[in-house]
Amino acid sequence: MSPTAKTIEAVLVIVVSLGLGYFCRRRGWLNQEQSGKISRGGLTWLSPLVTCSVMWALRPVGWSAAFLPVVCTLCIVLMWPVAAALGRRLFSEPASRAPWVICAMFSNQGTTYGTFLCYIALGAQGAALASIFVLPFTPLIYLLGFFIAGRYLGENLSPGAVLLKAVRPGYSRNPLLGLLVGLSLLALVGRLPERLLPILDVLVPLDSAVQLFCIGVTLRFSVIGGYLRPIAVMHALKFLFTPLLGLGASLLLGLWGQAGNQLVQVVLIQASTPVAIWSLVVAQAAGLNLNLANSLWITTNLFAIAWAPVVLALARLLGKG
């Protein structure tokens with residue numbers, strides 16, 4: 001499949017899945033609670049299978065791939081003080097500063113955007129490297145996400161208690177297990193047989209489509225108008241500042257030129273991602289300004305659909321470098 005065809009496939013999967021979810025809610029066929037059950041089911045059973053398969057299909061890339069989670073962690077942690085400083089200028093109340101900071105720190109790097117685009121750009125290898133990159137996300141969203149929410153609200157949260165949340169539910173535990181099983185199969189029995197690789201052309205888009213469909217059910221556009229200034233700033237952070245931060249970290253860690261520059265391609269794509277849906281989960285659970293979080297999530301994710309061809313084109317250019 002040509003690069004143009006792959007880009008069209010990515011945009012179509014994102015737009016059609018989101019649109020179908022939104023249409024189903026508007027027609028009254030599904031509500032947010034039902035959507036959450038479908039999403040958790042997909043994360044519990046389908047996503048682990050996909051993660052296991054793409055890790056099993058991973059081609060050797062050398063020791064440098066171990067730095068991908070380091071880059072992910074740096075992008076999340078270094079965005080904290082930047083977002084906190086901007087939040088003090090944009091908002092007076094802690095209930096708005098907290099979701100602002102969390103939305104800036106955590107991005108949609110899973111199968112609903114970042115990992116899917118890595119698959120479009122680099123095939124199963126890209127999805128596997130993206131899964132390695134995003135390893136720190138789950139523990140950090142629970143540890144840092146809820147810690148930051150509690151800090152702004154004057155609460156003291158136990159790190160041990162929030163860490164348990166990352167491994168207790170099947171929807172967050174099973175994808176991690178899928179990754180470990182896939183790596184174990186790769187190490188013990190060798191790479192996934194070539195004849196089975198076409199299965200990934202079905203599983204990866206299907207996994208993305210299920211989650212995007214569920215996200216489409218949750219779309220709310222009515223509250224966006226009250227947050228235009230922070231929305232504009234968030235777009236600059238997500239699509240300009242964080243990619244530069246990720247590429248700079250890659251340069252410092254010596255990833256440029258490694259594995260045909262595939263590692264840097266993955267970093268660029270994963271660092272150019274919109275606000276993560278998990279930011280809304282934290283905002284809702286902690287009683288923060290959910291309208292702000294919802295507005296930041298909707299607008300950055302919709303813009304990301306139009307931005308996807310640009311990111312994929314830039315990734316291809318890096319691959320030629």
# chains A, B, ... in the order shown; residues from 1 in each chain; ligands from 1

call {"tool": "residues_around", "arguments": {"residues": "Ala130 in chain A", "least_positions_apart": "4", "cutoff": "10 Å", "atoms": "only C-alpha atoms", "output": "list in words"}}
result
Val54, Met55, Leu68, Pro69, Gln109, Gly110, Thr111, Gly114, Thr115, Phe116, Leu117, Cys118, Tyr119, Ala124, Gln125, Gly126, Val134, Leu135, Leu263, Gln265, Val266, Val267, Ile269 and Gln270 of chain A

call {"tool": "residues_around", "arguments": {"residues": "range 252-258 of chain A", "least_positions_apart": "5", "cutoff": "10 Å", "atoms": "only C-alpha atoms", "output": "PyMOL selection string"}}
result
chain A and resi 61-65+67-68+70-71+246-247+263-265+267+318-319+321

call {"tool": "write_last_selection", "arguments": {"atoms": "N, CA and C atoms", "output": "PDB file, in the first residue's frame"}}
result
ATOM      1  N   VAL A  61      15.787  -4.243  16.795  1.00  0.00           N
ATOM      2  CA  VAL A  61      16.155  -2.843  16.559  1.00  0.00           C
ATOM      3  C   VAL A  61      17.333  -2.419  17.427  1.00  0.00           C
ATOM      4  N   GLY A  62      17.842  -3.334  18.238  1.00  0.00           N
ATOM      5  CA  GLY A  62      18.990  -2.985  19.069  1.00  0.00           C
ATOM      6  C   GLY A  62      18.586  -2.427  20.421  1.00  0.00           C
ATOM      7  N   TRP A  63      19.599  -2.199  21.232  1.00  0.00           N
ATOM      8  CA  TRP A  63      19.387  -1.743  22.605  1.00  0.00           C
ATOM      9  C   TRP A  63      18.761  -0.361  22.681  1.00  0.00           C
ATOM     10  N   SER A  64      18.903   0.432  21.620  1.00  0.00           N
ATOM     11  CA  SER A  64      18.435   1.821  21.667  1.00  0.00           C
ATOM     12  C   SER A  64      16.927   1.933  21.837  1.00  0.00           C
ATOM     13  N   ALA A  65      16.156   0.876  21.473  1.00  0.00           N
ATOM     14  CA  ALA A  65      14.705   0.926  21.641  1.00  0.00           C
ATOM     15  C   ALA A  65      14.322   1.063  23.108  1.00  0.00           C
ATOM     16  N   PHE A  67      15.310   3.165  25.047  1.00  0.00           N
ATOM     17  CA  PHE A  67      15.215   4.583  25.390  1.00  0.00           C
ATOM     18  C   PHE A  67      13.859   5.187  25.024  1.00  0.00           C
ATOM     19  N   LEU A  68      13.049   4.469  24.259  1.00  0.00           N
ATOM     20  CA  LEU A  68      11.742   5.017  23.883  1.00  0.00           C
ATOM     21  C   LEU A  68      10.870   5.321  25.102  1.00  0.00           C
ATOM     22  N   VAL A  70      11.909   6.085  27.958  1.00  0.00           N
ATOM     23  CA  VAL A  70      12.568   7.219  28.625  1.00  0.00           C
ATOM     24  C   VAL A  70      12.114   8.526  27.991  1.00  0.00           C
ATOM     25  N   VAL A  71      12.057   8.541  26.647  1.00  0.00           N
ATOM     26  CA  VAL A  71      11.593   9.746  25.953  1.00  0.00           C
ATOM     27  C   VAL A  71      10.144  10.046  26.324  1.00  0.00           C
ATOM     28  N   GLY A 246      10.273  16.119  22.280  1.00  0.00           N
ATOM     29  CA  GLY A 246      10.556  14.715  22.020  1.00  0.00           C
ATOM     30  C   GLY A 246      11.741  14.517  21.101  1.00  0.00           C
ATOM     31  N   LEU A 247      11.829  15.306  20.040  1.00  0.00           N
ATOM     32  CA  LEU A 247      12.950  15.184  19.116  1.00  0.00           C
ATOM     33  C   LEU A 247      14.260  15.610  19.776  1.00  0.00           C
ATOM     34  N   LEU A 263      13.142   4.798  15.211  1.00  0.00           N
ATOM     35  CA  LEU A 263      12.870   5.217  16.588  1.00  0.00           C
ATOM     36  C   LEU A 263      12.489   6.691  16.640  1.00  0.00           C
ATOM     37  N   VAL A 264      13.189   7.512  15.856  1.00  0.00           N
ATOM     38  CA  VAL A 264      12.885   8.945  15.830  1.00  0.00           C
ATOM     39  C   VAL A 264      11.534   9.184  15.153  1.00  0.00           C
ATOM     40  N   GLN A 265      11.214   8.387  14.139  1.00  0.00           N
ATOM     41  CA  GLN A 265       9.895   8.499  13.507  1.00  0.00           C
ATOM     42  C   GLN A 265       8.791   8.235  14.524  1.00  0.00           C
ATOM     43  N   VAL A 267       9.002   8.545  17.793  1.00  0.00           N
ATOM     44  CA  VAL A 267       8.996   9.649  18.755  1.00  0.00           C
ATOM     45  C   VAL A 267       8.238  10.846  18.188  1.00  0.00           C
ATOM     46  N   LEU A 318      11.755  11.908   7.855  1.00  0.00           N
ATOM     47  CA  LEU A 318      12.762  11.480   8.812  1.00  0.00           C
ATOM     48  C   LEU A 318      13.313  10.116   8.454  1.00  0.00           C
ATOM     49  N   GLY A 319      12.461   9.252   7.884  1.00  0.00           N
ATOM     50  CA  GLY A 319      12.902   7.924   7.505  1.00  0.00           C
ATOM     51  C   GLY A 319      13.907   7.942   6.371  1.00  0.00           C
ATOM     52  N   GLY A 321      16.112  10.385   6.134  1.00  0.00           N
ATOM     53  CA  GLY A 321      17.271  11.143   6.596  1.00  0.00           C
ATOM     54  C   GLY A 321      18.412  10.268   7.040  1.00  0.00           C
TER      55      GLY A 321
END

call {"tool": "closest_residue", "arguments": {"among": "A:Val82, A:Leu292, A:Val50, A:Leu317", "to": "Leu176 in chain A", "atoms": "only C-alpha atoms"}}
result
A:Val50

call {"tool": "atom_distance", "arguments": {"atom1": "CA of Ile199 in chain A", "atom2": "CA of Gly19 in chain A"}}
result
25.4 Å

call {"tool": "residues_around", "arguments": {"residues": "range 167-172 of chain A", "least_positions_apart": "2", "cutoff": "12 Å", "atoms": "only C-alpha atoms", "output": "PyMOL selection string"}}
result
chain A and resi 36-48+135+137-139+141-142+160-165+174-179+278

call {"tool": "residues_around", "arguments": {"residues": "range 209-225 of chain A", "least_positions_apart": "4", "cutoff": "7 Å", "atoms": "only C-alpha atoms", "output": "PyMOL selection string"}}
result
chain A and resi 13-14+17-22+24-25+31-32+35-36+38-39+42+112+205+291+295+298

call {"tool": "residues_around", "arguments": {"residues": "Thr7 in chain A", "least_positions_apart": "4", "cutoff": "10 Å", "atoms": "only C-alpha atoms", "output": "list in words"}}
result
Met1, Ser2, Pro3, Val11, Leu12, Leu117, Ile120, Ala121, Ala308, Pro309, Val310, Val311, Leu312 and Ala313 of chain A

call {"tool": "write_last_selection", "arguments": {"atoms": "C-alpha atoms", "output": "PDB file, in the first residue's frame"}}
result
ATOM      1  CA  MET A   1       0.000   0.000   0.000  1.00  0.00           C
ATOM      2  CA  SER A   2       1.353   3.443  -0.962  1.00  0.00           C
ATOM      3  CA  PRO A   3       2.046   6.138   1.677  1.00  0.00           C
ATOM      4  CA  VAL A  11      -7.964   9.382   8.359  1.00  0.00           C
ATOM      5  CA  LEU A  12     -10.929   7.257   7.275  1.00  0.00           C
ATOM      6  CA  LEU A 117      -0.382   6.269  13.107  1.00  0.00           C
ATOM      7  CA  ILE A 120       0.256   3.278   9.317  1.00  0.00           C
ATOM      8  CA  ALA A 121       3.779   4.712   8.945  1.00  0.00           C
ATOM      9  CA  ALA A 308      -2.343  13.332  10.717  1.00  0.00           C
ATOM     10  CA  PRO A 309      -1.274  13.603   7.033  1.00  0.00           C
ATOM     11  CA  VAL A 310       1.284  16.267   7.987  1.00  0.00           C
ATOM     12  CA  VAL A 311       2.718  14.135  10.804  1.00  0.00           C
ATOM     13  CA  LEU A 312       2.917  11.067   8.559  1.00  0.00           C
ATOM     14  CA  ALA A 313       4.643  13.085   5.827  1.00  0.00           C
TER      15      ALA A 313
END

call {"tool": "closest_residue", "arguments": {"among": "A:Leu129, A:Ala271, A:Ile8, A:Leu185", "to": "Ala259 in chain A", "atoms": "only C-alpha atoms"}}
result
A:Leu129

call {"tool": "atom_distance", "arguments": {"atom1": "CA of Leu122 in chain A", "atom2": "CA of Lys6 in chain A"}}
result
10.1 Å

call {"tool": "closest_residue", "arguments": {"among": "A:Gly87, A:Gly190, A:Pro274, A:Pro81", "to": "Pro230 in chain A", "atoms": "only C-alpha atoms"}}
result
A:Gly87

call {"tool": "select_by_dssp", "arguments": {"residues": "range 25-135 of chain A", "states": "helix (DSSP H, G or I)", "output": "mmCIF file with N, CA and C atoms, in the first residue's frame"}}
result
data_model
loop_
_atom_site.group_PDB
_atom_site.id
_atom_site.type_symbol
_atom_site.label_atom_id
_atom_site.label_comp_id
_atom_site.auth_asym_id
_atom_site.auth_seq_id
_atom_site.Cartn_x
_atom_site.Cartn_y
_atom_site.Cartn_z
ATOM 1 N N ARG A 25 -24.971 8.081 19.473
ATOM 2 C CA ARG A 25 -25.429 8.801 20.667
ATOM 3 C C ARG A 25 -26.550 9.776 20.321
ATOM 4 N N ARG A 26 -26.385 10.497 19.204
ATOM 5 C CA ARG A 26 -27.402 11.458 18.801
ATOM 6 C C ARG A 26 -28.744 10.786 18.513
ATOM 7 N N GLN A 32 -23.236 7.326 27.255
ATOM 8 C CA GLN A 32 -21.845 7.332 27.680
ATOM 9 C C GLN A 32 -21.504 6.124 28.544
ATOM 10 N N GLU A 33 -22.440 5.700 29.390
ATOM 11 C CA GLU A 33 -22.183 4.541 30.244
ATOM 12 C C GLU A 33 -22.005 3.267 29.418
ATOM 13 N N GLN A 34 -22.870 3.071 28.420
ATOM 14 C CA GLN A 34 -22.744 1.897 27.550
ATOM 15 C C GLN A 34 -21.459 1.952 26.739
ATOM 16 N N SER A 35 -21.106 3.150 26.292
ATOM 17 C CA SER A 35 -19.856 3.320 25.560
ATOM 18 C C SER A 35 -18.657 2.927 26.411
ATOM 19 N N GLY A 36 -18.692 3.299 27.690
ATOM 20 C CA GLY A 36 -17.600 2.958 28.597
ATOM 21 C C GLY A 36 -17.445 1.449 28.753
ATOM 22 N N LYS A 37 -18.582 0.740 28.792
ATOM 23 C CA LYS A 37 -18.520 -0.716 28.916
ATOM 24 C C LYS A 37 -17.899 -1.353 27.679
ATOM 25 N N ILE A 38 -18.263 -0.840 26.494
ATOM 26 C CA ILE A 38 -17.687 -1.358 25.252
ATOM 27 C C ILE A 38 -16.192 -1.078 25.203
ATOM 28 N N SER A 39 -15.806 0.145 25.597
ATOM 29 C CA SER A 39 -14.388 0.520 25.588
ATOM 30 C C SER A 39 -13.589 -0.357 26.531
ATOM 31 N N ARG A 40 -14.093 -0.554 27.745
ATOM 32 C CA ARG A 40 -13.375 -1.388 28.713
ATOM 33 C C ARG A 40 -13.287 -2.836 28.232
ATOM 34 N N GLY A 41 -14.347 -3.318 27.564
ATOM 35 C CA GLY A 41 -14.303 -4.666 27.015
ATOM 36 C C GLY A 41 -13.226 -4.802 25.952
ATOM 37 N N GLY A 42 -13.144 -3.800 25.075
ATOM 38 C CA GLY A 42 -12.103 -3.821 24.052
ATOM 39 C C GLY A 42 -10.710 -3.774 24.643
ATOM 40 N N LEU A 43 -10.523 -2.919 25.661
ATOM 41 C CA LEU A 43 -9.223 -2.814 26.308
ATOM 42 C C LEU A 43 -8.870 -4.089 27.070
ATOM 43 N N THR A 44 -9.875 -4.770 27.581
ATOM 44 C CA THR A 44 -9.632 -5.980 28.374
ATOM 45 C C THR A 44 -9.290 -7.180 27.507
ATOM 46 N N TRP A 45 -9.906 -7.289 26.314
ATOM 47 C CA TRP A 45 -9.752 -8.514 25.517
ATOM 48 C C TRP A 45 -9.097 -8.287 24.162
ATOM 49 N N LEU A 46 -9.535 -7.288 23.400
ATOM 50 C CA LEU A 46 -8.981 -7.093 22.056
ATOM 51 C C LEU A 46 -7.609 -6.426 22.082
ATOM 52 N N SER A 47 -7.470 -5.356 22.847
ATOM 53 C CA SER A 47 -6.187 -4.638 22.891
ATOM 54 C C SER A 47 -5.021 -5.511 23.341
ATOM 55 N N PRO A 48 -5.192 -6.369 24.372
ATOM 56 C CA PRO A 48 -4.082 -7.252 24.746
ATOM 57 C C PRO A 48 -3.662 -8.189 23.611
ATOM 58 N N LEU A 49 -4.640 -8.694 22.850
ATOM 59 C CA LEU A 49 -4.328 -9.563 21.716
ATOM 60 C C LEU A 49 -3.529 -8.809 20.663
ATOM 61 N N VAL A 50 -3.946 -7.564 20.375
ATOM 62 C CA VAL A 50 -3.231 -6.754 19.391
ATOM 63 C C VAL A 50 -1.823 -6.441 19.875
ATOM 64 N N THR A 51 -1.705 -6.028 21.135
ATOM 65 C CA THR A 51 -0.394 -5.697 21.687
ATOM 66 C C THR A 51 0.539 -6.899 21.668
ATOM 67 N N CYS A 52 0.013 -8.046 22.066
ATOM 68 C CA CYS A 52 0.799 -9.277 22.045
ATOM 69 C C CYS A 52 1.274 -9.581 20.635
ATOM 70 N N SER A 53 0.394 -9.448 19.646
ATOM 71 C CA SER A 53 0.722 -9.796 18.264
ATOM 72 C C SER A 53 1.792 -8.874 17.683
ATOM 73 N N VAL A 54 1.644 -7.559 17.904
ATOM 74 C CA VAL A 54 2.618 -6.640 17.309
ATOM 75 C C VAL A 54 3.986 -6.757 17.994
ATOM 76 N N MET A 55 3.990 -7.064 19.290
ATOM 77 C CA MET A 55 5.270 -7.266 19.963
ATOM 78 C C MET A 55 5.931 -8.554 19.485
ATOM 79 N N TRP A 56 5.130 -9.572 19.232
ATOM 80 C CA TRP A 56 5.643 -10.843 18.716
ATOM 81 C C TRP A 56 6.221 -10.658 17.307
ATOM 82 N N TRP A 63 19.599 -2.199 21.232
ATOM 83 C CA TRP A 63 19.387 -1.743 22.605
ATOM 84 C C TRP A 63 18.761 -0.361 22.681
ATOM 85 N N SER A 64 18.903 0.432 21.620
ATOM 86 C CA SER A 64 18.435 1.821 21.667
ATOM 87 C C SER A 64 16.927 1.933 21.837
ATOM 88 N N ALA A 65 16.156 0.876 21.473
ATOM 89 C CA ALA A 65 14.705 0.926 21.641
ATOM 90 C C ALA A 65 14.322 1.063 23.108
ATOM 91 N N ALA A 66 15.218 0.664 24.011
ATOM 92 C CA ALA A 66 14.935 0.779 25.447
ATOM 93 C C ALA A 66 14.817 2.238 25.880
ATOM 94 N N PHE A 67 15.310 3.165 25.047
ATOM 95 C CA PHE A 67 15.215 4.583 25.390
ATOM 96 C C PHE A 67 13.859 5.187 25.024
ATOM 97 N N LEU A 68 13.049 4.469 24.259
ATOM 98 C CA LEU A 68 11.742 5.017 23.883
ATOM 99 C C LEU A 68 10.870 5.321 25.102
ATOM 100 N N PRO A 69 10.768 4.404 26.084
ATOM 101 C CA PRO A 69 9.990 4.759 27.287
ATOM 102 C C PRO A 69 10.590 5.923 28.059
ATOM 103 N N VAL A 70 11.909 6.085 27.958
ATOM 104 C CA VAL A 70 12.568 7.219 28.625
ATOM 105 C C VAL A 70 12.114 8.526 27.991
ATOM 106 N N VAL A 71 12.057 8.541 26.647
ATOM 107 C CA VAL A 71 11.593 9.746 25.953
ATOM 108 C C VAL A 71 10.144 10.046 26.324
ATOM 109 N N CYS A 72 9.304 9.007 26.369
ATOM 110 C CA CYS A 72 7.902 9.185 26.768
ATOM 111 C C CYS A 72 7.808 9.797 28.163
ATOM 112 N N THR A 73 8.574 9.264 29.091
ATOM 113 C CA THR A 73 8.560 9.764 30.463
ATOM 114 C C THR A 73 9.023 11.218 30.525
ATOM 115 N N LEU A 74 10.079 11.536 29.785
ATOM 116 C CA LEU A 74 10.585 12.908 29.775
ATOM 117 C C LEU A 74 9.544 13.882 29.233
ATOM 118 N N CYS A 75 8.869 13.491 28.152
ATOM 119 C CA CYS A 75 7.848 14.365 27.572
ATOM 120 C C CYS A 75 6.715 14.632 28.558
ATOM 121 N N ILE A 76 6.334 13.614 29.320
ATOM 122 C CA ILE A 76 5.259 13.781 30.297
ATOM 123 C C ILE A 76 5.716 14.629 31.476
ATOM 124 N N VAL A 77 6.858 14.276 32.059
ATOM 125 C CA VAL A 77 7.322 14.932 33.283
ATOM 126 C C VAL A 77 7.741 16.383 33.018
ATOM 127 N N LEU A 78 8.434 16.633 31.904
ATOM 128 C CA LEU A 78 8.898 17.991 31.626
ATOM 129 C C LEU A 78 7.764 18.936 31.254
ATOM 130 N N MET A 79 6.643 18.372 30.793
ATOM 131 C CA MET A 79 5.493 19.225 30.502
ATOM 132 C C MET A 79 4.810 19.711 31.769
ATOM 133 N N TRP A 80 5.060 19.064 32.888
ATOM 134 C CA TRP A 80 4.412 19.434 34.149
ATOM 135 C C TRP A 80 4.710 20.876 34.547
ATOM 136 N N PRO A 81 5.990 21.272 34.710
ATOM 137 C CA PRO A 81 6.242 22.668 35.114
ATOM 138 C C PRO A 81 5.828 23.676 34.056
ATOM 139 N N VAL A 82 5.955 23.317 32.773
ATOM 140 C CA VAL A 82 5.550 24.235 31.704
ATOM 141 C C VAL A 82 4.053 24.498 31.785
ATOM 142 N N ALA A 83 3.275 23.419 31.891
ATOM 143 C CA ALA A 83 1.820 23.566 31.962
ATOM 144 C C ALA A 83 1.383 24.255 33.244
ATOM 145 N N ALA A 84 2.076 23.966 34.352
ATOM 146 C CA ALA A 84 1.724 24.595 35.627
ATOM 147 C C ALA A 84 1.924 26.107 35.560
ATOM 148 N N ALA A 85 3.029 26.543 34.939
ATOM 149 C CA ALA A 85 3.302 27.979 34.811
ATOM 150 C C ALA A 85 2.242 28.655 33.938
ATOM 151 N N LEU A 86 1.879 28.016 32.835
ATOM 152 C CA LEU A 86 0.841 28.582 31.970
ATOM 153 C C LEU A 86 -0.521 28.571 32.659
ATOM 154 N N GLY A 87 -0.777 27.518 33.433
ATOM 155 C CA GLY A 87 -2.055 27.404 34.118
ATOM 156 C C GLY A 87 -2.291 28.526 35.111
ATOM 157 N N ARG A 88 -1.205 28.982 35.754
ATOM 158 C CA ARG A 88 -1.341 30.092 36.711
ATOM 159 C C ARG A 88 -1.761 31.379 36.011
ATOM 160 N N ARG A 89 -1.391 31.528 34.749
ATOM 161 C CA ARG A 89 -1.751 32.733 34.003
ATOM 162 C C ARG A 89 -3.154 32.627 33.387
ATOM 163 N N LEU A 90 -3.583 31.389 33.114
ATOM 164 C CA LEU A 90 -4.846 31.200 32.414
ATOM 165 C C LEU A 90 -6.045 31.056 33.355
ATOM 166 N N PRO A 94 -8.099 26.390 41.291
ATOM 167 C CA PRO A 94 -7.366 25.114 41.203
ATOM 168 C C PRO A 94 -8.099 24.028 40.438
ATOM 169 N N ALA A 95 -9.431 24.021 40.497
ATOM 170 C CA ALA A 95 -10.210 22.979 39.821
ATOM 171 C C ALA A 95 -10.066 23.054 38.307
ATOM 172 N N SER A 96 -9.602 24.205 37.785
ATOM 173 C CA SER A 96 -9.333 24.333 36.351
ATOM 174 C C SER A 96 -7.847 24.155 36.049
ATOM 175 N N ARG A 97 -6.987 24.591 36.952
ATOM 176 C CA ARG A 97 -5.553 24.413 36.720
ATOM 177 C C ARG A 97 -5.176 22.938 36.660
ATOM 178 N N ALA A 98 -5.776 22.137 37.517
ATOM 179 C CA ALA A 98 -5.419 20.717 37.581
ATOM 180 C C ALA A 98 -5.710 19.986 36.271
ATOM 181 N N PRO A 99 -6.928 20.062 35.712
ATOM 182 C CA PRO A 99 -7.165 19.367 34.449
ATOM 183 C C PRO A 99 -6.349 19.937 33.305
ATOM 184 N N TRP A 100 -6.070 21.245 33.359
ATOM 185 C CA TRP A 100 -5.210 21.858 32.335
ATOM 186 C C TRP A 100 -3.835 21.207 32.323
ATOM 187 N N VAL A 101 -3.235 21.079 33.503
ATOM 188 C CA VAL A 101 -1.908 20.476 33.608
ATOM 189 C C VAL A 101 -1.940 19.019 33.160
ATOM 190 N N ILE A 102 -2.941 18.277 33.601
ATOM 191 C CA ILE A 102 -3.040 16.854 33.265
ATOM 192 C C ILE A 102 -3.245 16.666 31.765
ATOM 193 N N CYS A 103 -4.086 17.499 31.156
ATOM 194 C CA CYS A 103 -4.307 17.414 29.711
ATOM 195 C C CYS A 103 -3.034 17.726 28.929
ATOM 196 N N ALA A 104 -2.242 18.665 29.434
ATOM 197 C CA ALA A 104 -0.988 19.010 28.754
ATOM 198 C C ALA A 104 0.038 17.892 28.866
ATOM 199 N N MET A 105 0.053 17.187 29.975
ATOM 200 C CA MET A 105 1.059 16.160 30.213
ATOM 201 C C MET A 105 0.784 14.861 29.456
ATOM 202 N N GLY A 114 -1.877 7.709 18.363
ATOM 203 C CA GLY A 114 -0.437 7.623 18.165
ATOM 204 C C GLY A 114 0.046 6.269 17.684
ATOM 205 N N THR A 115 -0.315 5.211 18.384
ATOM 206 C CA THR A 115 0.127 3.875 17.995
ATOM 207 C C THR A 115 -0.446 3.488 16.640
ATOM 208 N N PHE A 116 -1.682 3.903 16.376
ATOM 209 C CA PHE A 116 -2.286 3.608 15.080
ATOM 210 C C PHE A 116 -1.526 4.304 13.950
ATOM 211 N N LEU A 117 -1.150 5.565 14.140
ATOM 212 C CA LEU A 117 -0.382 6.269 13.107
ATOM 213 C C LEU A 117 1.002 5.646 12.925
ATOM 214 N N CYS A 118 1.605 5.171 14.013
ATOM 215 C CA CYS A 118 2.893 4.472 13.897
ATOM 216 C C CYS A 118 2.725 3.197 13.076
ATOM 217 N N TYR A 119 1.585 2.534 13.235
ATOM 218 C CA TYR A 119 1.307 1.344 12.425
ATOM 219 C C TYR A 119 1.146 1.731 10.952
ATOM 220 N N ILE A 120 0.439 2.822 10.699
ATOM 221 C CA ILE A 120 0.256 3.278 9.317
ATOM 222 C C ILE A 120 1.612 3.633 8.694
ATOM 223 N N ALA A 121 2.483 4.262 9.471
ATOM 224 C CA ALA A 121 3.779 4.712 8.945
ATOM 225 C C ALA A 121 4.765 3.564 8.776
ATOM 226 N N LEU A 122 4.796 2.621 9.725
ATOM 227 C CA LEU A 122 5.857 1.610 9.755
ATOM 228 C C LEU A 122 5.342 0.186 9.865
ATOM 229 N N GLY A 123 4.042 -0.022 9.752
ATOM 230 C CA GLY A 123 3.491 -1.366 9.840
ATOM 231 C C GLY A 123 3.545 -1.916 11.250
ATOM 232 N N ALA A 124 3.587 -3.259 11.344
ATOM 233 C CA ALA A 124 3.605 -3.907 12.653
ATOM 234 C C ALA A 124 4.805 -3.471 13.476
ATOM 235 N N GLN A 125 5.930 -3.196 12.811
ATOM 236 C CA GLN A 125 7.126 -2.728 13.521
ATOM 237 C C GLN A 125 6.840 -1.404 14.227
ATOM 238 N N GLY A 126 6.149 -0.511 13.543
ATOM 239 C CA GLY A 126 5.817 0.778 14.139
ATOM 240 C C GLY A 126 4.886 0.632 15.325
ATOM 241 N N ALA A 127 3.883 -0.242 15.210
ATOM 242 C CA ALA A 127 2.960 -0.462 16.322
ATOM 243 C C ALA A 127 3.687 -1.055 17.522
ATOM 244 N N ALA A 128 4.639 -1.967 17.263
ATOM 245 C CA ALA A 128 5.399 -2.574 18.357
ATOM 246 C C ALA A 128 6.284 -1.537 19.055
ATOM 247 N N LEU A 129 6.985 -0.729 18.275
ATOM 248 C CA LEU A 129 7.831 0.313 18.864
ATOM 249 C C LEU A 129 6.983 1.344 19.610
ATOM 250 N N ALA A 130 5.810 1.657 19.075
ATOM 251 C CA ALA A 130 4.917 2.594 19.753
ATOM 252 C C ALA A 130 4.434 2.022 21.079
ATOM 253 N N SER A 131 4.199 0.720 21.114
ATOM 254 C CA SER A 131 3.777 0.069 22.363
ATOM 255 C C SER A 131 4.884 0.113 23.403
ATOM 256 N N ILE A 132 6.128 0.016 22.957
ATOM 257 C CA ILE A 132 7.258 0.153 23.874
ATOM 258 C C ILE A 132 7.340 1.589 24.383
ATOM 259 N N PHE A 133 7.175 2.544 23.475
ATOM 260 C CA PHE A 133 7.238 3.964 23.838
ATOM 261 C C PHE A 133 6.234 4.298 24.939
#

call {"tool": "atom_distance", "arguments": {"atom1": "CA of Ser250 in chain A", "atom2": "CA of Gly182 in chain A"}}
result
25.5 Å

call {"tool": "closest_residue", "arguments": {"among": "A:Phe241, A:Phe146, A:Trp29, A:Tyr152", "to": "Leu280 in chain A", "atoms": "only C-alpha atoms"}}
result
A:Phe146

call {"tool": "residues_around", "arguments": {"residues": "Ser272 in chain A", "least_positions_apart": "6", "cutoff": "8 Å", "atoms": "only C-alpha atoms", "output": "list in words"}}
result
Gly114, Lys238, Phe239, Leu240, Thr242, Pro243 and Val311 of chain A

call {"tool": "write_last_selection", "arguments": {"atoms": "N, CA and C atoms", "output": "mmCIF file, in the first residue's frame"}}
result
data_model
loop_
_atom_site.group_PDB
_atom_site.id
_atom_site.type_symbol
_atom_site.label_atom_id
_atom_site.label_comp_id
_atom_site.auth_asym_id
_atom_site.auth_seq_id
_atom_site.Cartn_x
_atom_site.Cartn_y
_atom_site.Cartn_z
ATOM 1 N N GLY A 114 -1.877 7.709 18.363
ATOM 2 C CA GLY A 114 -0.437 7.623 18.165
ATOM 3 C C GLY A 114 0.046 6.269 17.684
ATOM 4 N N LYS A 238 0.678 20.895 22.252
ATOM 5 C CA LYS A 238 0.574 19.518 21.765
ATOM 6 C C LYS A 238 1.237 19.319 20.405
ATOM 7 N N PHE A 239 1.081 20.283 19.516
ATOM 8 C CA PHE A 239 1.476 20.043 18.128
ATOM 9 C C PHE A 239 2.742 20.788 17.708
ATOM 10 N N LEU A 240 3.287 21.618 18.597
ATOM 11 C CA LEU A 240 4.551 22.305 18.296
ATOM 12 C C LEU A 240 5.598 22.057 19.385
ATOM 13 N N THR A 242 5.652 20.010 22.264
ATOM 14 C CA THR A 242 5.965 18.631 22.661
ATOM 15 C C THR A 242 6.728 17.863 21.584
ATOM 16 N N PRO A 243 6.398 17.986 20.277
ATOM 17 C CA PRO A 243 7.230 17.322 19.267
ATOM 18 C C PRO A 243 8.685 17.773 19.303
ATOM 19 N N VAL A 311 1.834 14.903 9.932
ATOM 20 C CA VAL A 311 2.718 14.135 10.804
ATOM 21 C C VAL A 311 3.285 12.927 10.062
#
